[in-house]
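Student: One structure follows; several queries about it will come next.
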Amino acid sequence: MVSPSPDARTRILDAAETLVRAKGVTGLTLEAAAQTAGVSKGGLLYHFASKEALLDALLKRLASFIQEDFEQGVADQPDGPGRVTRAMLTWALGLPPDESNERCDRAAAVFLAAFHHDPALLQPVRDQIARMKQAVEADGLIPGHGLAVMAAGDGLFMARIFNLYTLTTHERSAIHAALSNLLIPAP
């Protein structure tokens, strides 16, 4: 069975993301997004009145994806202390490098475009990350341990998006094992 084609709004957001990944924020124009999405400029303007509105929608969509991934990751972990932190660890290091790189590349392009254009546009993602941080802090581990895992995951994300270094499978496993040692329930 063939999946229905995405609606115009989704096609526009996908097109904008593609443009940002390929050309950066300067390559994202309303005309280019409309053309890439296969809609008229008027059709694009019906959904997004400005470049800022388009970037805002991209960040809100990204925040929603992050929330869904996070909630699913937590749901996939067994109950008990460290559940949220285990989900964070799996999120940071559990995916095969190719799959995780694709997700990081998509998120990075949107983050960097929004930051370059107007850092205030990152607020929906900041809000989601703050909720995740609160969940990690309330995860029942020794204080600081969950945050150390979260910070390590953030650092790995930054290394990926700025192409600072690439981890081998062995290095990823070693980091996972080291961070797993922090999953100690609070007394």
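Following the order of the structure tokens, chains are lettered A, B, ..., residues in each are numbered from 1, and ligands are numbered from 1.
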List as a ChimeraX atom specification the protein and nucleic acid residues near range 83-97 of chain A, meaning an atom at most 9 Å away when only C-alpha atoms are counted, but skip any in the same chain fewer than 3 places from it.
Tutor: /A:69-80,100-102,132,135-136,138-141,145-147,149-150,152-154,156-157,167-169,172-173,175-176,179-180,183
Student: What's around Asp127 in chain A at 12 Å? Count only C-alpha atoms, leave out sequence neighbours fewer than 6 positions away in its own chain, and write the answer as JSON, numbers by chain.
Tutor: {"A": [59, 60, 62, 63, 64, 66, 67, 120, 121, 133, 134]}
Student: Work out how far apart CA of Thr26 in chain A and CA of Leu54 in chain A are and give it in Å to one decimal.
Tutor: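 Going from CA of Thr26 in chain A over to CA of Leu54 in chain A, I get 13.5 Å.
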Student: Would you please give, as number ranges by chain, all residues of range 22-187 of chain A that DSSP assigns to helix (DSSP H, G or I) based on the backbone?
Tutor: A: 22-23, 25-27, 30-37, 41-47, 51-75, 83-93, 97-117, 119-137, 145-161, 169-180
Student: By how many Å are CA of Gly24 in chain A and CA of Ile161 in chain A apart?
Tutor: 13.2 Å
